[in-house]
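Structure data follow from upload.pdb (PDB, C-alpha atoms, pLDDT in the B column):
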```pdb
ATOM      1  CA  MET A   1      -4.949  37.292  27.725  1.00 40.00           C
ATOM      2  CA  PRO A   2      -6.570  34.606  25.540  1.00 45.00           C
ATOM      3  CA  PRO A   3      -5.053  33.905  22.136  1.00 56.00           C
ATOM      4  CA  GLU A   4      -6.924  35.308  19.195  1.00 58.00           C
ATOM      5  CA  ALA A   5      -6.578  34.848  15.492  1.00 57.00           C
ATOM      6  CA  THR A   6      -5.549  37.968  13.670  1.00 57.00           C
ATOM      7  CA  THR A   7      -6.453  38.626  10.094  1.00 57.00           C
ATOM      8  CA  ALA A   8      -2.699  38.682   9.404  1.00 79.00           C
ATOM      9  CA  GLU A   9      -2.740  34.894   9.763  1.00 93.00           C
ATOM     10  CA  PRO A  10      -3.733  33.325   6.429  1.00 94.00           C
ATOM     11  CA  TRP A  11      -5.703  30.621   8.250  1.00 96.00           C
ATOM     12  CA  ALA A  12      -7.615  33.013  10.523  1.00 96.00           C
ATOM     13  CA  PRO A  13     -10.706  33.619   8.339  1.00 97.00           C
ATOM     14  CA  ALA A  14     -11.341  29.868   7.945  1.00 97.00           C
ATOM     15  CA  VAL A  15     -10.970  29.303  11.688  1.00 98.00           C
ATOM     16  CA  GLU A  16     -13.225  32.249  12.508  1.00 97.00           C
ATOM     17  CA  ARG A  17     -15.918  30.985  10.083  1.00 98.00           C
ATOM     18  CA  ALA A  18     -15.777  27.485  11.573  1.00 98.00           C
ATOM     19  CA  LEU A  19     -16.006  28.812  15.126  1.00 98.00           C
ATOM     20  CA  ALA A  20     -18.917  31.104  14.252  1.00 97.00           C
ATOM     21  CA  ALA A  21     -20.795  28.259  12.558  1.00 97.00           C
ATOM     22  CA  HIS A  22     -20.306  25.587  15.222  1.00 97.00           C
ATOM     23  CA  LYS A  23     -19.179  27.067  18.541  1.00 96.00           C
ATOM     24  CA  THR A  24     -22.570  26.774  20.221  1.00 96.00           C
ATOM     25  CA  ARG A  25     -23.267  23.201  19.073  1.00 96.00           C
ATOM     26  CA  PRO A  26     -22.911  20.367  21.560  1.00 95.00           C
ATOM     27  CA  GLY A  27     -19.692  18.542  20.711  1.00 96.00           C
ATOM     28  CA  ALA A  28     -18.535  21.439  18.554  1.00 98.00           C
ATOM     29  CA  LEU A  29     -14.856  20.487  18.353  1.00 98.00           C
ATOM     30  CA  LEU A  30     -15.080  17.837  15.633  1.00 98.00           C
ATOM     31  CA  PRO A  31     -17.351  19.868  13.314  1.00 98.00           C
ATOM     32  CA  ILE A  32     -15.034  22.856  13.750  1.00 98.00           C
ATOM     33  CA  LEU A  33     -11.923  20.811  12.966  1.00 98.00           C
ATOM     34  CA  HIS A  34     -13.599  19.187   9.952  1.00 97.00           C
ATOM     35  CA  GLU A  35     -14.634  22.562   8.562  1.00 98.00           C
ATOM     36  CA  ILE A  36     -11.124  23.966   9.008  1.00 98.00           C
ATOM     37  CA  GLN A  37      -9.573  20.863   7.426  1.00 96.00           C
ATOM     38  CA  HIS A  38     -11.990  21.114   4.499  1.00 94.00           C
ATOM     39  CA  ALA A  39     -11.276  24.809   3.968  1.00 96.00           C
ATOM     40  CA  LEU A  40      -7.486  24.734   4.389  1.00 96.00           C
ATOM     41  CA  GLY A  41      -6.507  21.109   3.839  1.00 93.00           C
ATOM     42  CA  TYR A  42      -5.067  20.985   7.371  1.00 96.00           C
ATOM     43  CA  VAL A  43      -5.524  22.290  10.914  1.00 98.00           C
ATOM     44  CA  PRO A  44      -2.748  24.806  11.597  1.00 98.00           C
ATOM     45  CA  PRO A  45      -1.037  24.175  14.949  1.00 97.00           C
ATOM     46  CA  ALA A  46      -1.169  27.914  15.612  1.00 97.00           C
ATOM     47  CA  ALA A  47      -4.981  27.723  15.474  1.00 98.00           C
ATOM     48  CA  VAL A  48      -5.165  25.187  18.315  1.00 98.00           C
ATOM     49  CA  PRO A  49      -4.999  27.804  21.122  1.00 98.00           C
ATOM     50  CA  VAL A  50      -7.632  29.918  19.376  1.00 98.00           C
ATOM     51  CA  ILE A  51      -9.985  26.947  19.074  1.00 98.00           C
ATOM     52  CA  ALA A  52      -9.284  25.841  22.639  1.00 98.00           C
ATOM     53  CA  ASP A  53     -10.025  29.289  24.024  1.00 98.00           C
ATOM     54  CA  ALA A  54     -13.245  29.632  22.013  1.00 97.00           C
ATOM     55  CA  LEU A  55     -14.529  26.273  23.288  1.00 98.00           C
ATOM     56  CA  ASN A  56     -13.186  26.610  26.841  1.00 97.00           C
ATOM     57  CA  LEU A  57     -10.985  23.553  26.335  1.00 98.00           C
ATOM     58  CA  SER A  58      -7.319  23.055  27.051  1.00 98.00           C
ATOM     59  CA  ARG A  59      -4.822  23.249  24.222  1.00 98.00           C
ATOM     60  CA  ALA A  60      -3.903  19.646  25.033  1.00 98.00           C
ATOM     61  CA  GLU A  61      -7.503  18.513  24.496  1.00 98.00           C
ATOM     62  CA  VAL A  62      -7.714  20.133  21.072  1.00 98.00           C
ATOM     63  CA  HIS A  63      -4.227  18.980  20.072  1.00 98.00           C
ATOM     64  CA  GLY A  64      -5.081  15.456  21.254  1.00 97.00           C
ATOM     65  CA  VAL A  65      -8.101  15.280  18.959  1.00 98.00           C
ATOM     66  CA  VAL A  66      -6.181  16.684  15.983  1.00 97.00           C
ATOM     67  CA  THR A  67      -3.381  14.154  16.404  1.00 95.00           C
ATOM     68  CA  PHE A  68      -5.610  11.180  17.280  1.00 95.00           C
ATOM     69  CA  TYR A  69      -7.669  11.131  14.074  1.00 91.00           C
ATOM     70  CA  HIS A  70      -5.801  10.234  10.889  1.00 82.00           C
ATOM     71  CA  GLU A  71      -7.986  12.471   8.755  1.00 86.00           C
ATOM     72  CA  PHE A  72      -6.649  15.631  10.371  1.00 94.00           C
ATOM     73  CA  ARG A  73      -3.332  17.040   9.203  1.00 94.00           C
ATOM     74  CA  GLU A  74      -1.138  19.589  10.947  1.00 95.00           C
ATOM     75  CA  GLN A  75       0.648  20.638   7.750  1.00 93.00           C
ATOM     76  CA  ALA A  76      -0.642  21.594   4.352  1.00 94.00           C
ATOM     77  CA  PRO A  77      -0.780  18.572   2.045  1.00 95.00           C
ATOM     78  CA  GLY A  78       0.741  18.346  -1.389  1.00 96.00           C
ATOM     79  CA  ARG A  79      -1.233  19.414  -4.443  1.00 96.00           C
ATOM     80  CA  HIS A  80      -2.551  15.835  -4.647  1.00 97.00           C
ATOM     81  CA  VAL A  81      -3.330  13.366  -1.865  1.00 96.00           C
ATOM     82  CA  VAL A  82      -2.946   9.624  -2.461  1.00 98.00           C
ATOM     83  CA  LYS A  83      -4.375   7.315   0.197  1.00 97.00           C
ATOM     84  CA  ILE A  84      -3.488   3.624   0.038  1.00 98.00           C
ATOM     85  CA  CYS A  85      -5.956   1.242   1.659  1.00 98.00           C
ATOM     86  CA  LEU A  86      -4.348  -0.858   4.387  1.00 97.00           C
ATOM     87  CA  ALA A  87      -7.445  -2.804   5.499  1.00 97.00           C
ATOM     88  CA  GLU A  88      -7.602  -6.611   5.623  1.00 96.00           C
ATOM     89  CA  ALA A  89      -8.971  -7.256   2.129  1.00 96.00           C
ATOM     90  CA  CYS A  90      -6.318  -5.067   0.577  1.00 96.00           C
ATOM     91  CA  GLN A  91      -3.669  -6.696   2.778  1.00 97.00           C
ATOM     92  CA  SER A  92      -4.653 -10.109   1.465  1.00 96.00           C
ATOM     93  CA  LEU A  93      -4.128  -8.909  -2.091  1.00 97.00           C
ATOM     94  CA  GLY A  94      -0.849  -7.048  -1.787  1.00 96.00           C
ATOM     95  CA  CYS A  95      -1.314  -3.558  -0.395  1.00 97.00           C
ATOM     96  CA  GLU A  96       1.866  -3.865   1.664  1.00 97.00           C
ATOM     97  CA  GLU A  97       3.903  -4.407  -1.477  1.00 98.00           C
ATOM     98  CA  LEU A  98       2.071  -1.543  -3.159  1.00 98.00           C
ATOM     99  CA  LEU A  99       2.757   0.695  -0.168  1.00 98.00           C
ATOM    100  CA  ALA A 100       6.455  -0.226  -0.179  1.00 98.00           C
ATOM    101  CA  HIS A 101       6.601   0.593  -3.896  1.00 98.00           C
ATOM    102  CA  ALA A 102       4.775   3.897  -3.381  1.00 98.00           C
ATOM    103  CA  LYS A 103       7.069   4.980  -0.554  1.00 98.00           C
ATOM    104  CA  ALA A 104      10.167   4.105  -2.585  1.00 98.00           C
ATOM    105  CA  ARG A 105       8.876   5.715  -5.780  1.00 98.00           C
ATOM    106  CA  LEU A 106       7.748   8.919  -4.075  1.00 98.00           C
ATOM    107  CA  GLY A 107      10.639   9.051  -1.610  1.00 98.00           C
ATOM    108  CA  VAL A 108       8.358   9.616   1.388  1.00 98.00           C
ATOM    109  CA  GLU A 109       6.930   7.781   4.362  1.00 97.00           C
ATOM    110  CA  LEU A 110       3.226   7.759   5.214  1.00 95.00           C
ATOM    111  CA  HIS A 111       1.939  11.287   5.909  1.00 93.00           C
ATOM    112  CA  GLY A 112       4.870  12.659   3.929  1.00 95.00           C
ATOM    113  CA  THR A 113       4.842  14.971   0.941  1.00 97.00           C
ATOM    114  CA  THR A 114       7.170  14.692  -2.025  1.00 97.00           C
ATOM    115  CA  ALA A 115      10.015  17.195  -2.244  1.00 96.00           C
ATOM    116  CA  ASP A 116       8.293  18.974  -5.135  1.00 96.00           C
ATOM    117  CA  GLY A 117       5.067  19.375  -3.112  1.00 96.00           C
ATOM    118  CA  ALA A 118       3.107  17.362  -5.652  1.00 97.00           C
ATOM    119  CA  ILE A 119       1.894  14.327  -3.697  1.00 98.00           C
ATOM    120  CA  THR A 120       1.115  13.518  -0.067  1.00 97.00           C
ATOM    121  CA  LEU A 121       0.973   9.795   0.775  1.00 97.00           C
ATOM    122  CA  GLU A 122      -1.461   8.714   3.467  1.00 96.00           C
ATOM    123  CA  PRO A 123      -2.996   5.509   4.801  1.00 95.00           C
ATOM    124  CA  VAL A 124      -6.710   4.774   4.794  1.00 95.00           C
ATOM    125  CA  TYR A 125      -8.392   1.852   6.481  1.00 94.00           C
ATOM    126  CA  CYS A 126     -11.126   0.834   4.058  1.00 95.00           C
ATOM    127  CA  LEU A 127     -12.392   2.417   0.906  1.00 96.00           C
ATOM    128  CA  GLY A 128     -15.274  -0.042   0.497  1.00 96.00           C
ATOM    129  CA  ASN A 129     -13.692  -1.314  -2.702  1.00 97.00           C
ATOM    130  CA  CYS A 130     -12.681  -4.733  -1.375  1.00 96.00           C
ATOM    131  CA  MET A 131     -13.649  -6.620  -4.540  1.00 96.00           C
ATOM    132  CA  LEU A 132     -11.030  -4.621  -6.430  1.00 97.00           C
ATOM    133  CA  SER A 133      -8.180  -4.766  -3.903  1.00 97.00           C
ATOM    134  CA  PRO A 134      -5.622  -3.394  -3.538  1.00 98.00           C
ATOM    135  CA  SER A 135      -7.214   0.018  -3.740  1.00 98.00           C
ATOM    136  CA  LEU A 136      -6.233   3.617  -3.333  1.00 98.00           C
ATOM    137  CA  MET A 137      -7.877   7.002  -3.438  1.00 98.00           C
ATOM    138  CA  ALA A 138      -6.283   9.866  -5.333  1.00 98.00           C
ATOM    139  CA  ASP A 139      -7.826  13.285  -4.810  1.00 96.00           C
ATOM    140  CA  GLY A 140     -11.103  11.646  -3.788  1.00 95.00           C
ATOM    141  CA  GLU A 141     -11.262   9.212  -6.716  1.00 97.00           C
ATOM    142  CA  ILE A 142     -11.058   5.490  -5.933  1.00 98.00           C
ATOM    143  CA  HIS A 143      -8.844   3.200  -8.021  1.00 98.00           C
ATOM    144  CA  GLY A 144      -8.914  -0.589  -7.775  1.00 98.00           C
ATOM    145  CA  ARG A 145      -6.619  -3.462  -8.624  1.00 98.00           C
ATOM    146  CA  VAL A 146      -3.699  -1.079  -8.344  1.00 98.00           C
ATOM    147  CA  THR A 147      -0.331  -2.465  -9.387  1.00 98.00           C
ATOM    148  CA  PRO A 148       3.053  -0.792  -9.067  1.00 98.00           C
ATOM    149  CA  GLN A 149       2.827   0.016 -12.777  1.00 98.00           C
ATOM    150  CA  SER A 150      -0.650   1.565 -12.545  1.00 98.00           C
ATOM    151  CA  PHE A 151       0.479   3.472  -9.439  1.00 98.00           C
ATOM    152  CA  ASP A 152       3.382   4.933 -11.426  1.00 98.00           C
ATOM    153  CA  ARG A 153       1.064   5.940 -14.287  1.00 98.00           C
ATOM    154  CA  LEU A 154      -1.412   7.527 -11.904  1.00 98.00           C
ATOM    155  CA  THR A 155       1.188   9.533 -10.010  1.00 98.00           C
ATOM    156  CA  ALA A 156       2.758  10.678 -13.289  1.00 97.00           C
ATOM    157  CA  GLU A 157      -0.677  11.935 -14.377  1.00 97.00           C
ATOM    158  CA  LEU A 158      -1.161  13.721 -11.054  1.00 97.00           C
ATOM    159  CA  ARG A 159       2.200  15.454 -11.379  1.00 95.00           C
ATOM    160  CA  GLU A 160       1.331  16.585 -14.921  1.00 93.00           C
ATOM    161  CA  ALA A 161      -2.116  17.852 -13.814  1.00 90.00           C
ATOM    162  CA  ARG A 162      -0.561  20.366 -11.412  1.00 75.00           C
TER     163      ARG A 162
END
```

So that I can check it, write out the structure of this file as structure tokens.
Amino acid sequence: MPPEATTAEPWAPAVERALAAHKTRPGALLPILHEIQHALGYVPPAAVPVIADALNLSRAEVHGVVTFYHEFREQAPGRHVVKICLAEACQSLGCEELLAHAKARLGVELHGTTADGAITLEPVYCLGNCMLSPSLMADGEIHGRVTPQSFDRLTAELREAR
């Protein structure tokens, strides 16, 4: 019997909407995953068999796409997402030091979320803000010429914002 989402699953309505909107499109998997990610902030692992069945794909194919692309998450992110640019221009102006500071300050590795659930730290590979490197994006807003001190101020503001 094929897996089906039940309304008891909190993610089920978002998955069902995404499948209904995109299932018949050529190359439907990526639009479906993007819509789910946008709605929930992540793609629940338990939804993978439902998506696979709806698209006549294997679970491995769907899981492979979810885990291949950095933009997809398998767990809910923190209340705020901070992405540090790790592209060449930012590397030349100190993003590695900024990343080391961020990981130490937040107590997480990349793709990790702070113990209080406030901040998820992720990599990004170009924000198009090279003139103001090193850069980061916090909740969709780009910040340039980020120093350890400005990082600390920004994350303190994010924690206060709830």

Check your understanding: Any idea what's packed within 12 Å of segment 51-53 of chain A, counting only C-alpha atoms, ignoring anything in its chain fewer than 6 positions away? Could you give it as an NGL selection string?
Key -> :A and (1-5 or 12 or 14-20 or 22-23 or 28-33 or 36 or 43-45 or 59-66)

Practice item. Please identify all polymer residues within 12 Å of Pro77 of chain A, counting only C-alpha atoms, omitting same-chain residues fewer than 2 positions from it, and present them as number ranges by chain. Key: A: 37-38, 40-44, 71-75, 79-83, 110-122, 139

Expected file: the selected residues, C-alpha atoms, as a PDB file, in the frame of the given file:
```pdb
ATOM      1  CA  GLN A  37      -9.573  20.863   7.426  1.00 96.00           C
ATOM      2  CA  HIS A  38     -11.990  21.114   4.499  1.00 94.00           C
ATOM      3  CA  LEU A  40      -7.486  24.734   4.389  1.00 96.00           C
ATOM      4  CA  GLY A  41      -6.507  21.109   3.839  1.00 93.00           C
ATOM      5  CA  TYR A  42      -5.067  20.985   7.371  1.00 96.00           C
ATOM      6  CA  VAL A  43      -5.524  22.290  10.914  1.00 98.00           C
ATOM      7  CA  PRO A  44      -2.748  24.806  11.597  1.00 98.00           C
ATOM      8  CA  GLU A  71      -7.986  12.471   8.755  1.00 86.00           C
ATOM      9  CA  PHE A  72      -6.649  15.631  10.371  1.00 94.00           C
ATOM     10  CA  ARG A  73      -3.332  17.040   9.203  1.00 94.00           C
ATOM     11  CA  GLU A  74      -1.138  19.589  10.947  1.00 95.00           C
ATOM     12  CA  GLN A  75       0.648  20.638   7.750  1.00 93.00           C
ATOM     13  CA  ARG A  79      -1.233  19.414  -4.443  1.00 96.00           C
ATOM     14  CA  HIS A  80      -2.551  15.835  -4.647  1.00 97.00           C
ATOM     15  CA  VAL A  81      -3.330  13.366  -1.865  1.00 96.00           C
ATOM     16  CA  VAL A  82      -2.946   9.624  -2.461  1.00 98.00           C
ATOM     17  CA  LYS A  83      -4.375   7.315   0.197  1.00 97.00           C
ATOM     18  CA  LEU A 110       3.226   7.759   5.214  1.00 95.00           C
ATOM     19  CA  HIS A 111       1.939  11.287   5.909  1.00 93.00           C
ATOM     20  CA  GLY A 112       4.870  12.659   3.929  1.00 95.00           C
ATOM     21  CA  THR A 113       4.842  14.971   0.941  1.00 97.00           C
ATOM     22  CA  THR A 114       7.170  14.692  -2.025  1.00 97.00           C
ATOM     23  CA  ALA A 115      10.015  17.195  -2.244  1.00 96.00           C
ATOM     24  CA  ASP A 116       8.293  18.974  -5.135  1.00 96.00           C
ATOM     25  CA  GLY A 117       5.067  19.375  -3.112  1.00 96.00           C
ATOM     26  CA  ALA A 118       3.107  17.362  -5.652  1.00 97.00           C
ATOM     27  CA  ILE A 119       1.894  14.327  -3.697  1.00 98.00           C
ATOM     28  CA  THR A 120       1.115  13.518  -0.067  1.00 97.00           C
ATOM     29  CA  LEU A 121       0.973   9.795   0.775  1.00 97.00           C
ATOM     30  CA  GLU A 122      -1.461   8.714   3.467  1.00 96.00           C
ATOM     31  CA  ASP A 139      -7.826  13.285  -4.810  1.00 96.00           C
TER      32      ASP A 139
END
```

Review point. Excluding same-chain residues fewer than 3 positions from Glu88 of chain A, what lies within 9 Å of it counting all atoms listed in the file, as a ChimeraX atom specification?
Key: /A:85,91-93,125-126,130

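Neighbourhood of point (-21.1, 30.5, 22.0): residues with an atom at most 8 Å away, counting only C-alpha atoms, are Lys23, Thr24, Ala54 and Leu55 of chain A.
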
**Study point:** Straight-line distance linking atom CA of Asn56 of chain A with atom CA of Glu9 of chain A, stated in Å to one decimal
**Key:** 21.7 Å

Specify the axis-aligned box that encloses all atoms of segment 43-54 of chain A listed in the file after padding of 3 Å on each side, stating its centre and edge lengths in Å to one decimal as AutoDock Vina command-line options.
```
--center_x -7.1 --center_y 26.1 --center_z 17.5 --size_x 18.2 --size_y 13.6 --size_z 19.1
```

Practice item. Quick one: pull the distance between atom CA of Ile142 of chain A and atom CA of Gly107 of chain A, Å, one decimal. Key: 22.4 Å

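Restricting the calculation to all atoms listed in the file, the smallest distance between Leu98 of chain A and any of A:Gly128, A:Gly78, A:Pro49, A:Pro148 is found for A:Pro148.
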